[in-house]
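input_37.csv follows; it contains CSV, C-alpha atoms.
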```csv
chain,number,residue,atom,x,y,z
A,1291,MET,CA,0.0,0.0,0.0
A,1292,LEU,CA,2.8,2.4,0.8
A,1293,GLY,CA,4.2,1.5,-2.7
A,1294,ALA,CA,1.1,3.0,-4.3
A,1295,ILE,CA,1.2,6.2,-2.1
A,1296,THR,CA,4.9,6.6,-2.8
A,1297,GLY,CA,4.3,6.2,-6.6
A,1298,ASP,CA,1.6,8.8,-6.4
A,1299,THR,CA,3.9,11.2,-4.5
A,1300,ILE,CA,6.8,10.7,-6.9
A,1301,GLY,CA,4.6,11.1,-10.0
A,1302,SER,CA,2.7,14.1,-8.7
A,1303,ARG,CA,5.1,16.9,-9.9
A,1304,PHE,CA,5.0,15.5,-13.4
A,1305,GLU,CA,1.2,15.4,-13.9
A,1306,PHE,CA,0.3,17.3,-17.1
A,1307,LEU,CA,4.0,17.8,-18.0
A,1308,GLY,CA,4.2,14.8,-20.3
A,1309,ILE,CA,7.7,13.8,-19.2
A,1310,LYS,CA,9.2,11.1,-21.5
A,1311,SER,CA,12.3,10.1,-19.5
A,1312,THR,CA,13.2,7.8,-16.7
A,1313,VAL,CA,15.9,10.2,-15.6
A,1314,PHE,CA,14.7,12.4,-12.8
A,1315,ASP,CA,15.1,12.9,-9.0
A,1316,LEU,CA,12.6,10.7,-7.3
A,1317,PHE,CA,11.9,13.2,-4.5
A,1318,ASP,CA,11.6,16.9,-4.8
A,1319,PRO,CA,10.1,19.8,-2.7
A,1320,LYS,CA,7.3,19.9,-5.3
A,1321,CYS,CA,6.3,16.3,-4.7
A,1322,ARG,CA,3.1,15.8,-2.7
A,1323,TYR,CA,0.6,13.0,-2.2
A,1324,THR,CA,-2.6,13.6,-4.2
A,1325,ASP,CA,-6.2,12.4,-4.3
A,1326,ASP,CA,-4.8,8.9,-5.2
A,1327,SER,CA,-3.3,8.6,-1.7
A,1328,VAL,CA,-6.2,10.3,0.1
A,1329,MET,CA,-8.7,7.8,-1.3
A,1330,THR,CA,-6.2,4.9,-0.8
A,1331,MET,CA,-6.3,5.7,2.9
A,1332,ALA,CA,-10.1,5.9,2.9
A,1333,VAL,CA,-10.3,2.4,1.3
A,1334,ALA,CA,-7.8,1.0,3.7
A,1335,GLU,CA,-9.6,2.3,6.8
A,1336,TRP,CA,-12.9,1.0,5.3
A,1337,LEU,CA,-11.4,-2.5,5.0
A,1338,MET,CA,-10.2,-2.4,8.6
A,1339,ASP,CA,-13.4,-1.0,10.2
A,1340,ASP,CA,-16.2,-2.6,8.1
A,1341,PRO,CA,-16.1,-6.4,7.8
A,1342,THR,CA,-19.3,-6.2,5.8
A,1343,HIS,CA,-17.7,-4.0,3.1
A,1344,SER,CA,-20.7,-1.8,2.7
A,1345,HIS,CA,-21.0,1.2,0.5
A,1346,GLU,CA,-22.5,3.1,3.4
A,1347,VAL,CA,-19.3,2.9,5.4
A,1348,LEU,CA,-17.1,3.4,2.4
A,1349,GLU,CA,-18.9,6.6,1.6
A,1350,LYS,CA,-18.4,7.9,5.1
A,1351,LYS,CA,-14.7,7.1,4.9
A,1352,MET,CA,-14.3,8.7,1.5
A,1353,VAL,CA,-16.1,11.9,2.6
A,1354,LYS,CA,-14.1,12.0,5.9
A,1355,TYR,CA,-10.8,11.9,4.1
A,1356,GLY,CA,-12.0,14.1,1.2
A,1357,GLU,CA,-13.1,16.8,3.5
A,1358,SER,CA,-9.8,16.7,5.4
A,1359,GLU,CA,-7.9,17.1,2.1
A,1360,ILE,CA,-10.0,19.4,0.0
A,1361,ARG,CA,-7.2,20.5,-2.3
A,1362,ALA,CA,-5.9,17.1,-3.2
A,1363,GLY,CA,-6.6,17.4,-6.9
A,1364,TYR,CA,-9.9,15.5,-7.3
A,1365,GLY,CA,-11.4,15.1,-10.8
A,1366,ASP,CA,-14.5,17.1,-11.7
A,1367,MET,CA,-17.1,14.4,-11.5
A,1368,PHE,CA,-15.6,12.9,-8.3
A,1369,SER,CA,-15.5,16.4,-6.7
A,1370,ARG,CA,-19.1,16.8,-7.4
A,1371,TRP,CA,-19.9,13.4,-5.9
A,1372,LEU,CA,-17.8,14.2,-2.9
A,1373,PHE,CA,-18.6,17.8,-2.2
A,1374,TRP,CA,-21.8,18.7,-4.2
A,1375,PRO,CA,-23.8,15.5,-4.7
A,1376,GLU,CA,-26.9,17.5,-5.3
A,1377,THR,CA,-25.4,18.4,-8.7
A,1378,LEU,CA,-25.5,14.8,-9.7
A,1379,SER,CA,-28.8,13.6,-8.3
A,1380,GLY,CA,-32.1,15.2,-7.6
A,1381,ASP,CA,-32.3,14.0,-4.1
A,1382,GLY,CA,-28.8,15.1,-3.1
A,1383,LYS,CA,-27.6,11.6,-2.3
A,1384,ARG,CA,-24.3,10.3,-3.5
A,1385,LYS,CA,-24.8,7.8,-6.3
A,1386,PRO,CA,-22.4,6.2,-8.8
A,1387,TYR,CA,-22.0,8.1,-12.0
A,1388,ASN,CA,-21.0,5.4,-14.5
A,1389,SER,CA,-17.4,6.4,-14.6
A,1390,PHE,CA,-14.6,4.4,-16.2
A,1391,GLY,CA,-11.9,6.8,-15.0
A,1392,ASN,CA,-8.8,5.5,-13.4
A,1393,GLY,CA,-9.8,6.7,-10.0
A,1394,SER,CA,-11.2,3.3,-9.2
A,1395,ALA,CA,-7.8,1.7,-9.8
A,1396,MET,CA,-5.7,4.3,-8.0
A,1397,ARG,CA,-7.4,3.7,-4.7
A,1398,VAL,CA,-7.6,-0.1,-4.6
A,1399,SER,CA,-4.1,-1.2,-3.5
A,1400,ALA,CA,-5.2,-2.1,0.1
A,1401,VAL,CA,-7.7,-4.6,-1.3
A,1402,GLY,CA,-4.9,-6.5,-2.9
A,1403,TRP,CA,-3.3,-7.1,0.5
A,1404,MET,CA,-6.4,-7.8,2.6
A,1405,PHE,CA,-7.9,-11.1,1.4
A,1406,ASP,CA,-6.9,-14.8,1.2
A,1407,THR,CA,-8.3,-15.6,-2.2
A,1408,LEU,CA,-8.2,-14.0,-5.6
A,1409,GLU,CA,-12.0,-14.4,-5.9
A,1410,GLU,CA,-12.6,-12.3,-2.8
A,1411,THR,CA,-10.0,-9.8,-3.8
A,1412,GLU,CA,-11.8,-9.1,-7.1
A,1413,HIS,CA,-15.2,-9.1,-5.4
A,1414,VAL,CA,-14.2,-6.4,-2.9
A,1415,ALA,CA,-12.4,-4.5,-5.6
A,1416,GLU,CA,-15.6,-4.3,-7.5
A,1417,ILE,CA,-17.4,-3.0,-4.4
A,1418,SER,CA,-14.7,-0.3,-3.8
A,1419,ALA,CA,-15.0,0.8,-7.4
A,1420,SER,CA,-18.8,0.7,-7.9
A,1421,ILE,CA,-19.6,3.3,-5.3
A,1422,THR,CA,-18.6,5.8,-8.0
A,1423,HIS,CA,-17.1,4.0,-10.9
A,1424,ASN,CA,-19.9,1.5,-11.8
A,1425,HIS,CA,-19.1,1.4,-15.5
A,1426,PRO,CA,-17.7,-2.1,-16.4
A,1427,GLU,CA,-14.4,-0.6,-17.4
A,1428,GLY,CA,-14.1,1.2,-14.1
A,1429,ILE,CA,-14.8,-2.0,-12.2
A,1430,LYS,CA,-12.4,-3.9,-14.4
A,1431,GLY,CA,-9.6,-1.4,-13.8
A,1432,ALA,CA,-9.9,-1.8,-10.1
A,1433,GLN,CA,-10.1,-5.6,-10.2
A,1434,ALA,CA,-7.0,-5.8,-12.5
A,1435,ALA,CA,-4.9,-3.7,-10.2
A,1436,ALA,CA,-6.0,-5.5,-7.1
A,1437,ALA,CA,-5.6,-8.9,-8.7
A,1438,ALA,CA,-2.0,-8.1,-9.8
A,1439,ILE,CA,-1.1,-7.0,-6.2
A,1440,TYR,CA,-2.7,-10.2,-4.8
A,1441,MET,CA,-0.8,-12.4,-7.2
A,1442,ALA,CA,2.5,-10.5,-6.7
A,1443,ARG,CA,2.4,-10.8,-2.9
A,1444,ASN,CA,1.7,-14.5,-3.3
A,1445,ARG,CA,4.8,-15.0,-5.3
A,1446,ALA,CA,3.3,-15.4,-8.7
A,1447,LYS,CA,5.8,-15.0,-11.6
A,1448,LYS,CA,5.5,-12.0,-13.9
A,1449,ASP,CA,4.5,-14.2,-16.9
A,1450,GLU,CA,1.7,-15.7,-14.7
A,1451,ILE,CA,0.4,-12.3,-13.7
A,1452,LYS,CA,0.6,-11.1,-17.3
A,1453,ARG,CA,-1.3,-14.2,-18.6
A,1454,TYR,CA,-4.0,-13.9,-16.0
A,1455,ILE,CA,-4.6,-10.1,-16.6
A,1456,ILE,CA,-4.8,-10.7,-20.4
A,1457,GLU,CA,-7.2,-13.6,-20.1
A,1458,ARG,CA,-9.3,-12.2,-17.3
A,1459,PHE,CA,-9.6,-8.6,-18.3
A,1460,GLN,CA,-8.6,-8.6,-22.0
A,1461,TYR,CA,-5.9,-5.9,-21.6
A,1462,ASP,CA,-3.2,-5.7,-24.2
A,1463,LEU,CA,0.0,-6.2,-22.3
A,1464,ASN,CA,2.0,-7.3,-25.3
A,1465,ARG,CA,3.6,-3.9,-25.7
A,1466,THR,CA,6.7,-2.3,-24.3
A,1467,CYS,CA,7.1,1.1,-22.7
A,1468,ASN,CA,9.3,2.1,-25.6
A,1469,GLN,CA,6.5,1.3,-28.0
A,1470,ILE,CA,3.9,3.2,-25.9
A,1471,ARG,CA,5.9,6.3,-24.9
A,1472,PRO,CA,6.2,8.2,-28.3
A,1473,ARG,CA,2.5,8.6,-29.0
A,1474,TYR,CA,1.1,8.3,-25.5
A,1475,GLY,CA,-0.5,11.3,-23.8
A,1476,PHE,CA,-2.6,12.2,-20.8
A,1477,LYS,CA,-5.2,9.4,-20.3
A,1478,GLU,CA,-7.5,9.2,-17.4
A,1479,THR,CA,-9.6,6.2,-18.3
A,1480,CYS,CA,-9.0,2.8,-16.8
A,1481,GLN,CA,-8.7,1.1,-20.2
A,1482,GLU,CA,-6.1,3.6,-21.4
A,1483,SER,CA,-3.9,3.8,-18.3
A,1484,VAL,CA,-4.2,0.7,-16.2
A,1485,PRO,CA,-2.7,-1.6,-18.8
A,1486,GLU,CA,0.2,0.8,-19.3
A,1487,ALA,CA,0.9,0.9,-15.6
A,1488,ILE,CA,0.9,-2.9,-15.4
A,1489,ILE,CA,3.3,-2.9,-18.4
A,1490,ALA,CA,5.6,-0.6,-16.5
A,1491,PHE,CA,5.7,-3.1,-13.7
A,1492,LEU,CA,6.2,-6.0,-16.0
A,1493,GLU,CA,9.2,-4.4,-17.6
A,1494,SER,CA,10.8,-3.3,-14.3
A,1495,ASN,CA,13.6,-5.0,-12.3
A,1496,ASP,CA,12.9,-3.4,-9.0
A,1497,TYR,CA,10.4,-1.0,-7.3
A,1498,GLU,CA,12.2,2.2,-8.4
A,1499,THR,CA,12.4,1.2,-12.1
A,1500,ALA,CA,8.7,0.4,-12.1
A,1501,VAL,CA,7.8,3.9,-10.9
A,1502,ARG,CA,10.3,5.5,-13.2
A,1503,LEU,CA,8.9,3.7,-16.2
A,1504,ALA,CA,5.3,4.5,-15.3
A,1505,VAL,CA,6.2,8.2,-15.0
A,1506,SER,CA,8.2,8.2,-18.2
A,1507,LEU,CA,5.2,7.3,-20.3
A,1508,GLY,CA,4.1,10.9,-20.0
A,1509,GLY,CA,0.5,10.2,-19.1
A,1510,ASP,CA,-1.4,10.6,-15.9
A,1511,SER,CA,1.9,10.3,-14.1
A,1512,ASP,CA,0.8,10.2,-10.4
A,1513,THR,CA,-1.9,7.7,-11.0
A,1514,GLN,CA,0.1,5.4,-13.3
A,1515,ALA,CA,3.0,5.5,-10.8
A,1516,CYS,CA,0.5,4.8,-8.0
A,1517,ILE,CA,-0.8,1.7,-9.7
A,1518,ALA,CA,2.6,0.4,-10.9
A,1519,GLY,CA,4.1,1.2,-7.5
A,1520,GLY,CA,1.4,-0.7,-5.7
A,1521,ILE,CA,2.1,-3.9,-7.8
A,1522,ALA,CA,5.9,-3.4,-7.7
A,1523,GLU,CA,5.9,-3.2,-3.9
A,1524,ALA,CA,4.0,-6.5,-3.6
A,1525,PHE,CA,6.4,-8.1,-6.0
A,1526,TYR,CA,9.8,-6.7,-5.0
A,1527,GLY,CA,9.3,-4.9,-1.7
A,1528,MET,CA,10.6,-1.3,-1.3
A,1529,PRO,CA,14.1,0.0,-0.5
A,1530,ASP,CA,14.7,1.5,3.0
A,1531,GLU,CA,15.9,4.8,1.5
A,1532,ILE,CA,12.6,5.3,-0.4
A,1533,ILE,CA,10.5,4.5,2.7
A,1534,LYS,CA,12.7,6.9,4.7
A,1535,ASN,CA,12.0,9.7,2.2
A,1536,MET,CA,8.3,9.2,2.5
A,1537,ASP,CA,8.5,10.0,6.2
A,1538,ASN,CA,8.9,13.6,5.1
A,1539,TYR,CA,5.6,13.6,3.0
A,1540,LEU,CA,3.0,11.9,5.0
A,1541,PRO,CA,1.0,13.2,8.0
A,1542,PRO,CA,1.0,11.3,11.3
A,1543,ASN,CA,-2.5,9.8,10.8
A,1544,TYR,CA,-1.6,8.3,7.4
A,1545,LYS,CA,1.5,6.7,9.0
A,1546,GLU,CA,-0.6,5.4,11.9
A,1547,ASN,CA,-3.2,3.8,9.5
A,1548,ILE,CA,-0.5,2.2,7.4
A,1549,ILE,CA,1.0,0.5,10.5
A,1550,ARG,CA,-2.5,-0.4,11.7
A,1551,PHE,CA,-3.3,-1.9,8.3
A,1552,ALA,CA,-0.1,-3.9,8.4
A,1553,GLU,CA,-1.3,-5.5,11.7
A,1554,VAL,CA,-4.5,-6.9,10.3
A,1555,SER,CA,-3.6,-7.9,6.7
A,1556,ALA,CA,-1.0,-9.6,4.6
A,1557,TYR,CA,0.8,-6.3,4.6
A,1558,ARG,CA,2.2,-7.3,8.0
A,1559,CYS,CA,5.3,-8.5,6.0
A,1560,THR,CA,6.4,-4.9,5.7
A,1561,ARG,CA,5.4,-3.6,9.2
A,1562,GLU,CA,8.8,-3.9,10.9
A,1563,GLN,CA,10.7,-2.4,7.9
A,1564,ILE,CA,8.4,0.6,7.8
A,1565,LYS,CA,8.5,1.2,11.6
A,1566,ARG,CA,12.3,1.0,11.5
A,1567,CYS,CA,12.6,3.4,8.6
A,1568,TRP,CA,10.2,5.9,10.3
A,1569,GLY,CA,11.7,5.5,13.7
A,1570,LEU,CA,8.5,4.2,15.2
```
Please re-express this file's structure in structure tokens.
Amino acid sequence: MLGAITGDTIGSRFEFLGIKSTVFDLFDPKCRYTDDSVMTMAVAEWLMDDPTHSHEVLEKKMVKYGESEIRAGYGDMFSRWLFWPETLSGDGKRKPYNSFGNGSAMRVSAVGWMFDTLEETEHVAEISASITHNHPEGIKGAQAAAAAIYMARNRAKKDEIKRYIIERFQYDLNRTCNQIRPRYGFKETCQESVPEAIIAFLESNDYETAVRLAVSLGGDSDTQACIAGGIAEAFYGMPDEIIKNMDNYLPPNYKENIIRFAEVSAYRCTREQIKRCWGL
């Protein structure tokens, strides 16, 4: 989960800039976590506090975190759902708006760490997406990202992950970052950004290169690095130095929830490393 938040933070300063290089400083004073991380925390807290996985509780968590981070960079439709639901429905209640944007995939990383089966992982990923992104492509993007994390943390090989994602979700993963990069632009849909983030992971040889490759595509850099980083962490783990750097970017309540999540999920494998790096 920290891998996703870190990818978001690293990619944040390149959003809308269309960078086409893997050569850049990972951390910079302009880096900040964005709505990707805010909603990742909301989903993680929902998983910890609501064993029924209801939309009612998820909505409360998303609103709670959203209202505490009003300038996190939410998309237009999600902002309306979050802050002005009356503009989307006559009764003022928050309802899904048939989105297939990549917001469903950027917030799902905790789901990939929480459950013991791939079936349950994909089921809860669908619930987490459909509260807003109830279009089939929005659901598929969240399920694919969560499934890749689940398989990676359970020691699946890259070719096994690739084969499953292609067969299950019909994503074209038979491309390279070098092939994608020249003509690729800012894409906010699941179907045009989730496969590319997964490809960045598949081409990588460690956590850092996965994030660098995702950013280098020149697309929605924070979200693609968030998705690629979440999978890469599950597959490789994260270097101490990168975790230590993130200590400078996250507020205390985020750190506390990351540690708490590690105590109740498969994410426990990283708990002691994170605590050591953050001096907790």
**Study point:** Best match for closeness to His1343 (chain A) among A:Thr1299, A:Ser1311, A:Asn1468, A:Ser1418, counting only C-alpha atoms
**Key:**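 Closest to His1343 (chain A) of all the choices is A:Ser1418.
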Check your understanding: Can you find the residues with an atom no farther than 10 Å from (-0.7, 14.9, 7.0), counting all atoms listed in the file, and report them as a list in words?
Key ->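 Looking at atoms near the point gives Tyr1323, Val1328, Ser1358, Glu1359, Asn1538, Tyr1539, Leu1540, Pro1541, Pro1542, Asn1543, Tyr1544 and Lys1545 of chain A.
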Emit the selected residues as a JSON list (two decimals), in the frame of the given file, including C-alpha atoms.
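This went into result_19.json:
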```json
[["chain", "number", "residue", "atom", "x", "y", "z"],
["A", 1323, "TYR", "CA", 0.60, 13.00, -2.20],
["A", 1328, "VAL", "CA", -6.20, 10.30, 0.10],
["A", 1358, "SER", "CA", -9.80, 16.70, 5.40],
["A", 1359, "GLU", "CA", -7.90, 17.10, 2.10],
["A", 1538, "ASN", "CA", 8.90, 13.60, 5.10],
["A", 1539, "TYR", "CA", 5.60, 13.60, 3.00],
["A", 1540, "LEU", "CA", 3.00, 11.90, 5.00],
["A", 1541, "PRO", "CA", 1.00, 13.20, 8.00],
["A", 1542, "PRO", "CA", 1.00, 11.30, 11.30],
["A", 1543, "ASN", "CA", -2.50, 9.80, 10.80],
["A", 1544, "TYR", "CA", -1.60, 8.30, 7.40],
["A", 1545, "LYS", "CA", 1.50, 6.70, 9.00]]
```
Review point. Using all atoms listed in the file, which of the listed residues (A:Arg1550, A:Arg1361, A:Pro1485, A:Leu1463) sits closest to Glu1562 (chain A)?
Key: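 For Glu1562 (chain A), the nearest of the given residues is A:Arg1550.
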Practice item. Measuring atom to atom with only C-alpha atoms, identify which of A:Leu1507, A:Lys1448, A:Thr1422, A:Glu1498 is nearest to Asp1315 (chain A). Key: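 Among A:Leu1507, A:Lys1448, A:Thr1422, A:Glu1498, it is A:Glu1498 that comes nearest to Asp1315 (chain A).
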Review point. Quick one: residues within 8 Å of Met1329 (chain A), all atoms listed in the file counted, chain neighbours fewer than 4 positions away excluded, as a ChimeraX atom specification?
Key: /A:1325,1333,1352,1355-1356,1397
Any chance you could export the current selection's C-alpha atoms as a JSON list (two decimals), in the coordinates of the input?
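Output below, filename part.json:
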```json
[["chain", "number", "residue", "atom", "x", "y", "z"],
["A", 1325, "ASP", "CA", -6.20, 12.40, -4.30],
["A", 1333, "VAL", "CA", -10.30, 2.40, 1.30],
["A", 1352, "MET", "CA", -14.30, 8.70, 1.50],
["A", 1355, "TYR", "CA", -10.80, 11.90, 4.10],
["A", 1356, "GLY", "CA", -12.00, 14.10, 1.20],
["A", 1397, "ARG", "CA", -7.40, 3.70, -4.70]]
```
Exercise for review: Counting all atoms listed in the file, figure out which residue out of A:Ile1360, A:Ile1521, A:Ala1487, A:Leu1503 gets nearest to Ala1446 (chain A).
Suggested key: A:Ile1521
Point to revise | Of the listed residues A:Ser1399, A:Phe1405, A:Tyr1526, A:His1345, that which approaches Pro1386 (chain A) most closely, counting all atoms listed in the file | key: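 Nearest candidate to Pro1386 (chain A) out of A:Ser1399, A:Phe1405, A:Tyr1526, A:His1345: A:His1345.
Taking CA of Glu1412 (chain A) and CA of Asn1388 (chain A) as the two end points, the separation is 18.7 Å.
One finds CA of Glu1546 (chain A) at 10.0 Å from CA of Lys1565 (chain A).
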Practice item. Show me as a PyMOL selection string the residues that reach within 6 Å of (7.6, 11.8, -21.5), counting all atoms listed in the file and using the file's own coordinates. Key: chain A and resi 1308-1311+1506-1508
